[in-house]
>>> print(open('run03.txt').read())   # compact mmCIF, C-alpha atoms
# COMPACT_ATOMS: atom_id res chain seq x y z
CA MET A 1 -31.21 -3.53 8.43
CA SER A 2 -27.82 -2.91 6.76
CA ARG A 3 -27.62 -3.68 3.08
CA HIS A 4 -25.04 -5.96 1.52
CA SER A 5 -24.19 -6.37 -2.13
CA ILE A 6 -24.37 -9.81 -3.69
CA LEU A 7 -20.58 -9.62 -4.16
CA GLU A 8 -20.10 -9.96 -0.40
CA TYR A 9 -21.82 -13.37 -0.50
CA THR A 10 -20.63 -14.75 -3.85
CA ASN A 11 -17.58 -16.75 -2.81
CA SER A 12 -19.10 -18.16 0.37
CA ARG A 13 -20.69 -21.59 0.49
CA ASP A 14 -22.81 -20.47 3.45
CA ASN A 15 -26.01 -19.89 1.49
CA ASN A 16 -29.43 -21.41 0.86
CA TYR A 17 -28.96 -22.71 -2.69
CA ASN A 18 -29.21 -26.36 -1.63
CA LEU A 19 -32.53 -25.73 0.09
CA ILE A 20 -33.92 -23.59 -2.74
CA ARG A 21 -33.04 -26.19 -5.36
CA PHE A 22 -34.41 -29.00 -3.20
CA ILE A 23 -37.74 -27.15 -2.88
CA ALA A 24 -37.74 -26.42 -6.62
CA ALA A 25 -37.12 -30.09 -7.49
CA THR A 26 -39.91 -31.13 -5.13
CA LEU A 27 -42.19 -28.56 -6.75
CA VAL A 28 -41.51 -30.16 -10.14
CA LEU A 29 -42.48 -33.54 -8.66
CA PHE A 30 -45.71 -32.01 -7.34
CA SER A 31 -46.42 -30.31 -10.68
CA HIS A 32 -45.82 -33.46 -12.74
CA SER A 33 -48.12 -35.53 -10.54
CA PHE A 34 -51.22 -33.78 -11.93
CA PRO A 35 -50.94 -34.68 -15.64
CA LEU A 36 -49.48 -38.10 -14.83
CA SER A 37 -52.41 -39.02 -12.59
CA GLY A 38 -54.99 -37.48 -14.92
CA VAL A 39 -56.66 -35.35 -12.24
CA GLY A 40 -56.36 -32.15 -14.27
CA GLY A 41 -54.34 -28.98 -13.86
CA GLU A 42 -52.77 -27.57 -10.73
CA PRO A 43 -55.17 -25.63 -8.48
CA PHE A 44 -53.49 -22.24 -8.97
CA PHE A 45 -52.71 -22.62 -12.69
CA LYS A 46 -55.93 -20.92 -13.76
CA TYR A 47 -55.01 -17.78 -11.83
CA ILE A 48 -51.52 -17.18 -13.24
CA GLU A 49 -51.40 -19.44 -16.32
CA MET A 50 -48.16 -20.89 -15.01
CA THR A 51 -47.44 -24.24 -13.37
CA GLY A 52 -45.40 -24.89 -10.27
CA GLY A 53 -42.99 -26.78 -12.50
CA THR A 54 -42.45 -23.69 -14.65
CA ILE A 55 -41.62 -21.60 -11.59
CA ALA A 56 -39.23 -24.28 -10.36
CA VAL A 57 -37.42 -24.46 -13.70
CA ASP A 58 -37.11 -20.66 -13.71
CA ILE A 59 -35.48 -20.82 -10.28
CA PHE A 60 -33.06 -23.48 -11.50
CA PHE A 61 -32.02 -21.49 -14.56
CA ILE A 62 -31.69 -18.15 -12.75
CA SER A 63 -29.47 -19.63 -10.05
CA SER A 64 -27.58 -21.70 -12.61
CA GLY A 65 -26.82 -18.61 -14.71
CA PHE A 66 -25.32 -16.86 -11.70
CA LEU A 67 -23.32 -19.81 -10.37
CA VAL A 68 -22.07 -20.98 -13.78
CA ALA A 69 -20.97 -17.43 -14.63
CA ASN A 70 -19.03 -17.38 -11.38
CA SER A 71 -17.45 -20.69 -12.36
CA PHE A 72 -16.53 -19.49 -15.86
CA PHE A 73 -15.19 -16.02 -15.07
CA GLY A 74 -13.59 -17.18 -11.85
CA ARG A 75 -11.16 -19.42 -13.70
CA ASN A 76 -8.99 -18.85 -16.76
CA ASN A 77 -9.07 -22.44 -17.94
CA ILE A 78 -11.83 -23.31 -20.40
CA ILE A 79 -10.98 -27.03 -20.17
CA ALA A 80 -11.47 -26.98 -16.41
CA PHE A 81 -14.78 -25.19 -16.86
CA VAL A 82 -16.04 -27.72 -19.42
CA TRP A 83 -14.93 -30.61 -17.22
CA ALA A 84 -16.71 -29.14 -14.20
CA ARG A 85 -19.93 -28.75 -16.23
CA PHE A 86 -19.59 -32.33 -17.55
CA LEU A 87 -19.27 -33.69 -14.01
CA ARG A 88 -22.29 -31.70 -12.91
CA ILE A 89 -24.59 -33.09 -15.62
CA TYR A 90 -23.49 -36.41 -17.07
CA PRO A 91 -22.43 -38.96 -14.41
CA ALA A 92 -25.73 -38.75 -12.51
CA LEU A 93 -27.66 -38.58 -15.79
CA ILE A 94 -26.05 -41.78 -17.08
CA VAL A 95 -26.87 -43.59 -13.83
CA ALA A 96 -30.48 -42.31 -14.04
CA MET A 97 -30.85 -43.54 -17.63
CA ILE A 98 -29.47 -46.97 -16.73
CA PHE A 99 -32.02 -47.08 -13.91
CA CYS A 100 -34.85 -46.04 -16.26
CA VAL A 101 -33.95 -48.58 -18.95
CA LEU A 102 -32.87 -51.60 -16.91
CA ILE A 103 -34.99 -51.26 -13.78
CA VAL A 104 -38.11 -49.20 -14.51
CA GLY A 105 -38.37 -50.22 -18.15
CA LEU A 106 -37.89 -53.94 -17.56
CA PHE A 107 -40.36 -53.92 -14.68
CA PHE A 108 -43.19 -52.09 -16.47
CA THR A 109 -42.81 -53.02 -20.15
CA ASP A 110 -45.47 -55.22 -21.69
CA LYS A 111 -42.94 -56.49 -24.26
CA PRO A 112 -40.89 -59.66 -23.92
CA ILE A 113 -37.52 -58.87 -22.34
CA PHE A 114 -35.49 -59.81 -25.43
CA ILE A 115 -37.62 -57.64 -27.72
CA TYR A 116 -37.52 -54.74 -25.25
CA LEU A 117 -33.73 -54.82 -24.85
CA ASN A 118 -33.11 -55.14 -28.59
CA SER A 119 -35.60 -52.49 -29.64
CA ASP A 120 -34.27 -49.48 -31.55
CA GLU A 121 -36.57 -47.38 -29.40
CA THR A 122 -34.78 -48.57 -26.25
CA HIS A 123 -31.36 -47.89 -27.77
CA THR A 124 -32.44 -44.45 -28.97
CA TYR A 125 -33.85 -43.58 -25.56
CA PHE A 126 -30.60 -44.45 -23.80
CA LEU A 127 -28.11 -42.99 -26.28
CA ARG A 128 -29.98 -39.77 -26.95
CA ASN A 129 -30.60 -39.07 -23.28
CA ILE A 130 -27.01 -39.66 -22.14
CA THR A 131 -25.63 -37.31 -24.80
CA LEU A 132 -28.33 -34.59 -25.00
CA PHE A 133 -26.92 -33.40 -28.33
CA TYR A 134 -30.06 -34.25 -30.31
CA GLY A 135 -32.68 -33.47 -27.71
CA VAL A 136 -34.20 -36.11 -25.47
CA GLU A 137 -36.44 -39.14 -25.87
CA PHE A 138 -39.32 -39.99 -23.52
CA ASN A 139 -40.59 -43.31 -24.88
CA LEU A 140 -39.54 -46.82 -23.97
CA PRO A 141 -41.31 -49.70 -25.78
CA GLY A 142 -44.35 -50.93 -23.89
CA VAL A 143 -43.67 -48.79 -20.80
CA PHE A 144 -46.35 -46.72 -19.03
CA LEU A 145 -49.00 -47.23 -21.69
CA ASP A 146 -51.93 -47.45 -19.28
CA ILE A 147 -51.55 -44.11 -17.50
CA PRO A 148 -53.30 -40.85 -18.49
CA TYR A 149 -50.03 -39.26 -19.70
CA LYS A 150 -48.63 -42.09 -21.78
CA ASN A 151 -44.98 -42.91 -22.48
CA ALA A 152 -43.68 -40.40 -19.94
CA VAL A 153 -40.43 -42.05 -18.90
CA ASN A 154 -38.57 -39.26 -17.13
CA GLY A 155 -40.10 -36.29 -18.89
CA SER A 156 -38.37 -33.82 -16.58
CA ILE A 157 -35.08 -34.19 -18.46
CA TRP A 158 -36.46 -32.03 -21.29
CA THR A 159 -34.65 -29.05 -19.74
CA LEU A 160 -31.18 -30.63 -19.77
CA PRO A 161 -30.35 -29.99 -23.47
CA TYR A 162 -31.23 -26.34 -22.86
CA GLU A 163 -29.04 -26.28 -19.76
CA VAL A 164 -26.08 -27.66 -21.72
CA LYS A 165 -26.72 -25.13 -24.50
CA MET A 166 -26.64 -22.31 -21.95
CA TYR A 167 -23.24 -23.49 -20.74
CA ALA A 168 -21.99 -23.49 -24.32
CA TYR A 169 -23.46 -20.05 -25.10
CA LEU A 170 -21.86 -18.57 -21.99
CA ALA A 171 -18.49 -20.19 -22.70
CA ILE A 172 -18.42 -18.97 -26.32
CA PHE A 173 -19.79 -15.51 -25.55
CA GLY A 174 -17.57 -15.12 -22.50
CA THR A 175 -14.43 -16.19 -24.36
CA PHE A 176 -15.02 -13.57 -27.04
CA LEU A 177 -15.69 -10.93 -24.41
CA LYS A 178 -12.47 -11.78 -22.56
CA TYR A 179 -10.55 -11.37 -25.82
CA PHE A 180 -12.11 -8.05 -26.81
CA GLN A 181 -11.91 -6.71 -23.28
CA LYS A 182 -8.19 -6.17 -23.87
CA CYS A 183 -9.07 -3.64 -26.57
CA PHE A 184 -12.19 -1.98 -25.16
CA GLY A 185 -11.61 -1.91 -21.41
CA ARG A 186 -12.49 -3.89 -18.32
CA ASP A 187 -16.16 -2.89 -18.21
CA LEU A 188 -16.93 -4.48 -21.57
CA ILE A 189 -17.83 -7.87 -20.09
CA LYS A 190 -20.19 -6.38 -17.51
CA LYS A 191 -21.97 -4.14 -20.01
CA MET A 192 -22.34 -6.85 -22.63
CA LEU A 193 -23.61 -9.46 -20.18
CA LEU A 194 -26.16 -6.99 -18.82
CA SER A 195 -27.20 -5.99 -22.35
CA PHE A 196 -27.61 -9.62 -23.39
CA GLY A 197 -29.59 -10.48 -20.27
CA VAL A 198 -31.93 -7.51 -20.66
CA LEU A 199 -32.35 -8.18 -24.38
CA ALA A 200 -33.21 -11.81 -23.68
CA LEU A 201 -35.71 -10.81 -20.98
CA VAL A 202 -37.39 -8.17 -23.16
CA SER A 203 -37.58 -10.64 -26.05
CA HIS A 204 -39.12 -13.21 -23.71
CA ILE A 205 -41.80 -10.76 -22.63
CA ILE A 206 -42.52 -9.67 -26.22
CA ASN A 207 -42.63 -13.33 -27.25
CA HIS A 208 -45.31 -13.91 -24.63
CA PHE A 209 -47.61 -11.39 -26.31
CA HIS A 210 -46.46 -11.76 -29.94
CA PHE A 211 -45.06 -15.25 -30.47
CA PHE A 212 -42.04 -15.36 -32.80
CA ILE A 213 -39.73 -18.12 -31.48
CA SER A 214 -39.88 -21.35 -29.48
CA VAL A 215 -41.24 -20.50 -26.04
CA HIS A 216 -38.81 -22.78 -24.22
CA SER A 217 -35.75 -21.43 -26.05
CA MET A 218 -36.53 -17.79 -25.33
CA HIS A 219 -37.88 -18.41 -21.84
CA LEU A 220 -34.90 -20.38 -20.54
CA LEU A 221 -32.38 -18.13 -22.30
CA ALA A 222 -33.90 -15.13 -20.52
CA MET A 223 -33.87 -16.76 -17.08
CA PHE A 224 -30.31 -18.06 -17.43
CA PHE A 225 -28.80 -14.82 -18.70
CA MET A 226 -30.64 -12.73 -16.14
CA GLY A 227 -28.77 -14.81 -13.59
CA VAL A 228 -25.56 -14.08 -15.52
CA ALA A 229 -26.39 -10.35 -15.56
CA PHE A 230 -26.87 -10.37 -11.79
CA TYR A 231 -23.44 -11.95 -11.49
CA ALA A 232 -21.89 -9.26 -13.70
CA TYR A 233 -23.28 -6.48 -11.49
CA ARG A 234 -23.11 -8.31 -8.18
CA ASP A 235 -21.00 -5.48 -6.73
CA ILE A 236 -23.78 -2.88 -7.03
CA ILE A 237 -26.90 -5.03 -6.52
CA TYR A 238 -27.85 -4.78 -2.87
CA LEU A 239 -30.04 -7.28 -1.08
CA SER A 240 -32.64 -5.40 0.92
CA SER A 241 -35.48 -6.83 3.00
CA ASN A 242 -37.60 -3.81 2.11
CA LEU A 243 -37.14 -4.41 -1.61
CA PHE A 244 -37.76 -8.13 -1.20
CA PHE A 245 -41.12 -7.58 0.50
CA LEU A 246 -42.04 -4.79 -1.92
CA PHE A 247 -41.30 -6.95 -4.98
CA SER A 248 -43.14 -9.88 -3.40
CA LEU A 249 -46.23 -7.74 -2.87
CA VAL A 250 -46.05 -6.41 -6.42
CA ILE A 251 -46.02 -9.96 -7.80
CA LEU A 252 -48.80 -11.03 -5.43
CA PHE A 253 -51.18 -8.21 -6.35
CA SER A 254 -50.36 -8.46 -10.05
CA ILE A 255 -52.13 -11.85 -10.03
CA LEU A 256 -55.30 -9.83 -10.57
CA ASN A 257 -54.19 -9.43 -14.19
CA LYS A 258 -52.53 -12.40 -15.90
CA ASP A 259 -50.50 -10.35 -18.36
CA LEU A 260 -49.32 -7.94 -15.68
CA PHE A 261 -48.38 -10.90 -13.49
CA PHE A 262 -46.28 -12.41 -16.28
CA VAL A 263 -44.31 -9.17 -16.73
CA MET A 264 -43.80 -8.49 -13.01
CA TYR A 265 -42.92 -12.12 -12.32
CA SER A 266 -40.36 -12.25 -15.17
CA VAL A 267 -38.68 -8.99 -14.14
CA LEU A 268 -38.65 -9.39 -10.35
CA LEU A 269 -38.15 -13.13 -9.79
CA PRO A 270 -34.32 -13.04 -10.10
CA TYR A 271 -34.01 -10.55 -7.22
CA LEU A 272 -36.28 -12.68 -5.02
CA VAL A 273 -34.24 -15.81 -5.78
CA PHE A 274 -30.91 -14.21 -4.84
CA TYR A 275 -32.34 -12.61 -1.73
CA LEU A 276 -33.60 -15.99 -0.51
CA ALA A 277 -30.31 -17.63 -1.51
CA TYR A 278 -28.14 -15.34 0.60
CA VAL A 279 -30.00 -13.38 3.27
CA PRO A 280 -32.11 -15.73 5.47
CA LYS A 281 -29.86 -17.29 8.11
CA GLY A 282 -30.13 -19.28 11.30
CA VAL A 283 -31.47 -22.82 11.50
CA ILE A 284 -32.33 -22.72 7.79
CA ARG A 285 -28.62 -22.94 6.95
CA LYS A 286 -28.35 -26.36 8.59
CA PHE A 287 -29.93 -27.81 5.47
CA ASN A 288 -26.51 -27.46 3.82
CA ASN A 289 -25.27 -30.28 6.03
CA LEU A 290 -27.50 -32.66 4.06
CA GLY A 291 -25.79 -31.87 0.74
CA ASP A 292 -27.33 -31.04 -2.64
CA TYR A 293 -29.72 -33.76 -3.81
CA SER A 294 -31.83 -31.54 -6.06
CA TYR A 295 -30.34 -32.72 -9.36
CA GLY A 296 -30.72 -36.37 -8.38
CA ILE A 297 -34.35 -35.76 -7.44
CA TYR A 298 -34.99 -33.82 -10.64
CA ILE A 299 -33.64 -36.37 -13.11
CA CYS A 300 -35.56 -39.20 -11.42
CA ILE A 301 -38.78 -37.24 -10.99
CA SER A 302 -40.93 -38.58 -13.81
CA CYS A 303 -40.11 -42.20 -13.03
CA SER A 304 -41.04 -41.60 -9.38
CA ALA A 305 -44.19 -39.66 -10.21
CA VAL A 306 -45.38 -42.25 -12.70
CA TYR A 307 -44.66 -45.09 -10.29
CA CYS A 308 -46.83 -43.35 -7.69
CA SER A 309 -49.57 -42.81 -10.29
CA VAL A 310 -49.55 -46.43 -11.38
CA ASN A 311 -49.72 -47.69 -7.81
CA SER A 312 -52.22 -45.18 -6.46
>>> encode(input="run03.txt", output="structure tokens")
Amino acid sequence: MSRHSILEYTNSRDNNYNLIRFIAATLVLFSHSFPLSGVGGEPFFKYIEMTGGTIAVDIFFISSGFLVANSFFGRNNIIAFVWARFLRIYPALIVAMIFCVLIVGLFFTDKPIFIYLNSDETHTYFLRNITLFYGVEFNLPGVFLDIPYKNAVNGSIWTLPYEVKMYAYLAIFGTFLKYFQKCFGRDLIKKMLLSFGVLALVSHIINHFHFFISVHSMHLLAMFFMGVAFYAYRDIIYLSSNLFFLFSLVILFSILNKDLFFVMYSVLLPYLVFYLAYVPKGVIRKFNNLGDYSYGIYICISCSAVYCSVNS
């Protein structure tokens, strides 16, 4: 099989990102169903000490790092970039929060409607979650109190403040790099993005063994900027079926040792994601005709999962 660099695929919309993100969002739904229903952990968690939801979030952040980097460096207008990121996150999020507060909340709350709607907790939930600047809120007054995982009103949105932070980090870092590139040459951006991605990944691995910073902060930073690093060197990273199967086997056999699995998984997952995003063709590509519903599924996941738990 002939090899092709990622660069040859980058500007084409004929890829499998919609399908990958749809599967990842569904995997989060599956993963959340276990704690919400109180049946215990996922069957394979004990083998790798990692949930399906964690893997799905990693896939989201790796692909996001690559695609957002393409969006940022592919245009010279920071305002257009910010606006594009706003449209990606906030309109659907606002609709989801209105749904959670006025439909799900009103239906399930054990509080009188007037007290529920006028509660500071309700106002905080809505305002904090539609801005994301001060983290997120999961509790609505009197909602989902009788399930094993209480007060979980759309817990999946915990990743969104991190996602927005990654956009900001990339925009600030990238703007400085574009400025200094004039003085230090055209390869500065590539080298610095690779260095930052590798540094974040190494720090993430070290943090796994010797904790020194918030796990989520380091973890998601590493996944996002590894995606950015792949974008920076997309012209020399070749997608090979042989490498894909080799890396897959390495990860599979490393399950025998949890620590080894964590290292191999963290290092090799980005390559596997981009291979699956660009190489498999044929009938699988028809999924693109359905559009990208992954974000809509993701930000409504906890409400859906809890509803199923309550009515099971």
>>> residues_near_point(input="run03.txt", point="(-42.4, -31.2, -7.2)", cutoff="12 Å", atoms="only C-alpha atoms", output="PyMOL selection string")
chain A and resi 21-34+42+51-57+156+294+297-302+304-305
>>> atom_distance(input="run03.txt", atom1="CA of Met166 (chain A)", atom2="CA of Asn18 (chain A)")
20.9 Å
>>> residues_near_point(input="run03.txt", point="(-39.4, -8.0, -9.4)", cutoff="9 Å", atoms="only C-alpha atoms", output="list in words")
Leu243, Phe244, Leu246, Phe247, Ser248, Val250, Ile251, Val263, Met264, Tyr265, Ser266, Val267, Leu268, Leu269, Pro270, Tyr271 and Leu272 of chain A
>>> closest_residue(input="run03.txt", among="A:Thr159, A:Asn257, A:Ser217, A:Thr175", to="Leu132 (chain A)", atoms="all atoms listed in the file")
A:Thr159
>>> residues_around(input="run03.txt", residues="Ile48 (chain A)", least_positions_apart="5", cutoff="9 Å", atoms="only C-alpha atoms", output="PDB file with C-alpha atoms, keeping the file's coordinate frame")
ATOM      1  CA  ILE A 255     -52.130 -11.850 -10.030  1.00  0.00           C
ATOM      2  CA  LEU A 256     -55.300  -9.830 -10.570  1.00  0.00           C
ATOM      3  CA  ASN A 257     -54.190  -9.430 -14.190  1.00  0.00           C
ATOM      4  CA  LYS A 258     -52.530 -12.400 -15.900  1.00  0.00           C
ATOM      5  CA  ASP A 259     -50.500 -10.350 -18.360  1.00  0.00           C
ATOM      6  CA  PHE A 261     -48.380 -10.900 -13.490  1.00  0.00           C
ATOM      7  CA  PHE A 262     -46.280 -12.410 -16.280  1.00  0.00           C
TER       8      PHE A 262
END
>>> closest_residue(input="run03.txt", among="A:Phe184, A:Tyr167, A:Phe196, A:Phe212", to="Trp83 (chain A)", atoms="only C-alpha atoms")
A:Tyr167
>>> atom_distance(input="run03.txt", atom1="CA of Cys100 (chain A)", atom2="CA of Phe133 (chain A)")
19.2 Å
>>> atom_distance(input="run03.txt", atom1="CA of Asn154 (chain A)", atom2="CA of Asp110 (chain A)")
18.0 Å
>>> residues_around(input="run03.txt", residues="Pro280 (chain A)", least_positions_apart="5", cutoff="9 Å", atoms="all atoms listed in the file", output="number ranges by chain")
A: 15-16, 275, 285
>>> residues_around(input="run03.txt", residues="His204 (chain A)", least_positions_apart="5", cutoff="7 Å", atoms="only C-alpha atoms", output="NGL selection string")
:A and (218-219 or 222)
>>> residues_around(input="run03.txt", residues="region 6-12 of chain A", least_positions_apart="6", cutoff="7 Å", atoms="all atoms listed in the file", output="ChimeraX atom specification")
/A:234-235,237-239,278
>>> closest_residue(input="run03.txt", among="A:Leu199, A:Ser64, A:Pro112, A:Asn129", to="Val95 (chain A)", atoms="all atoms listed in the file")
A:Asn129
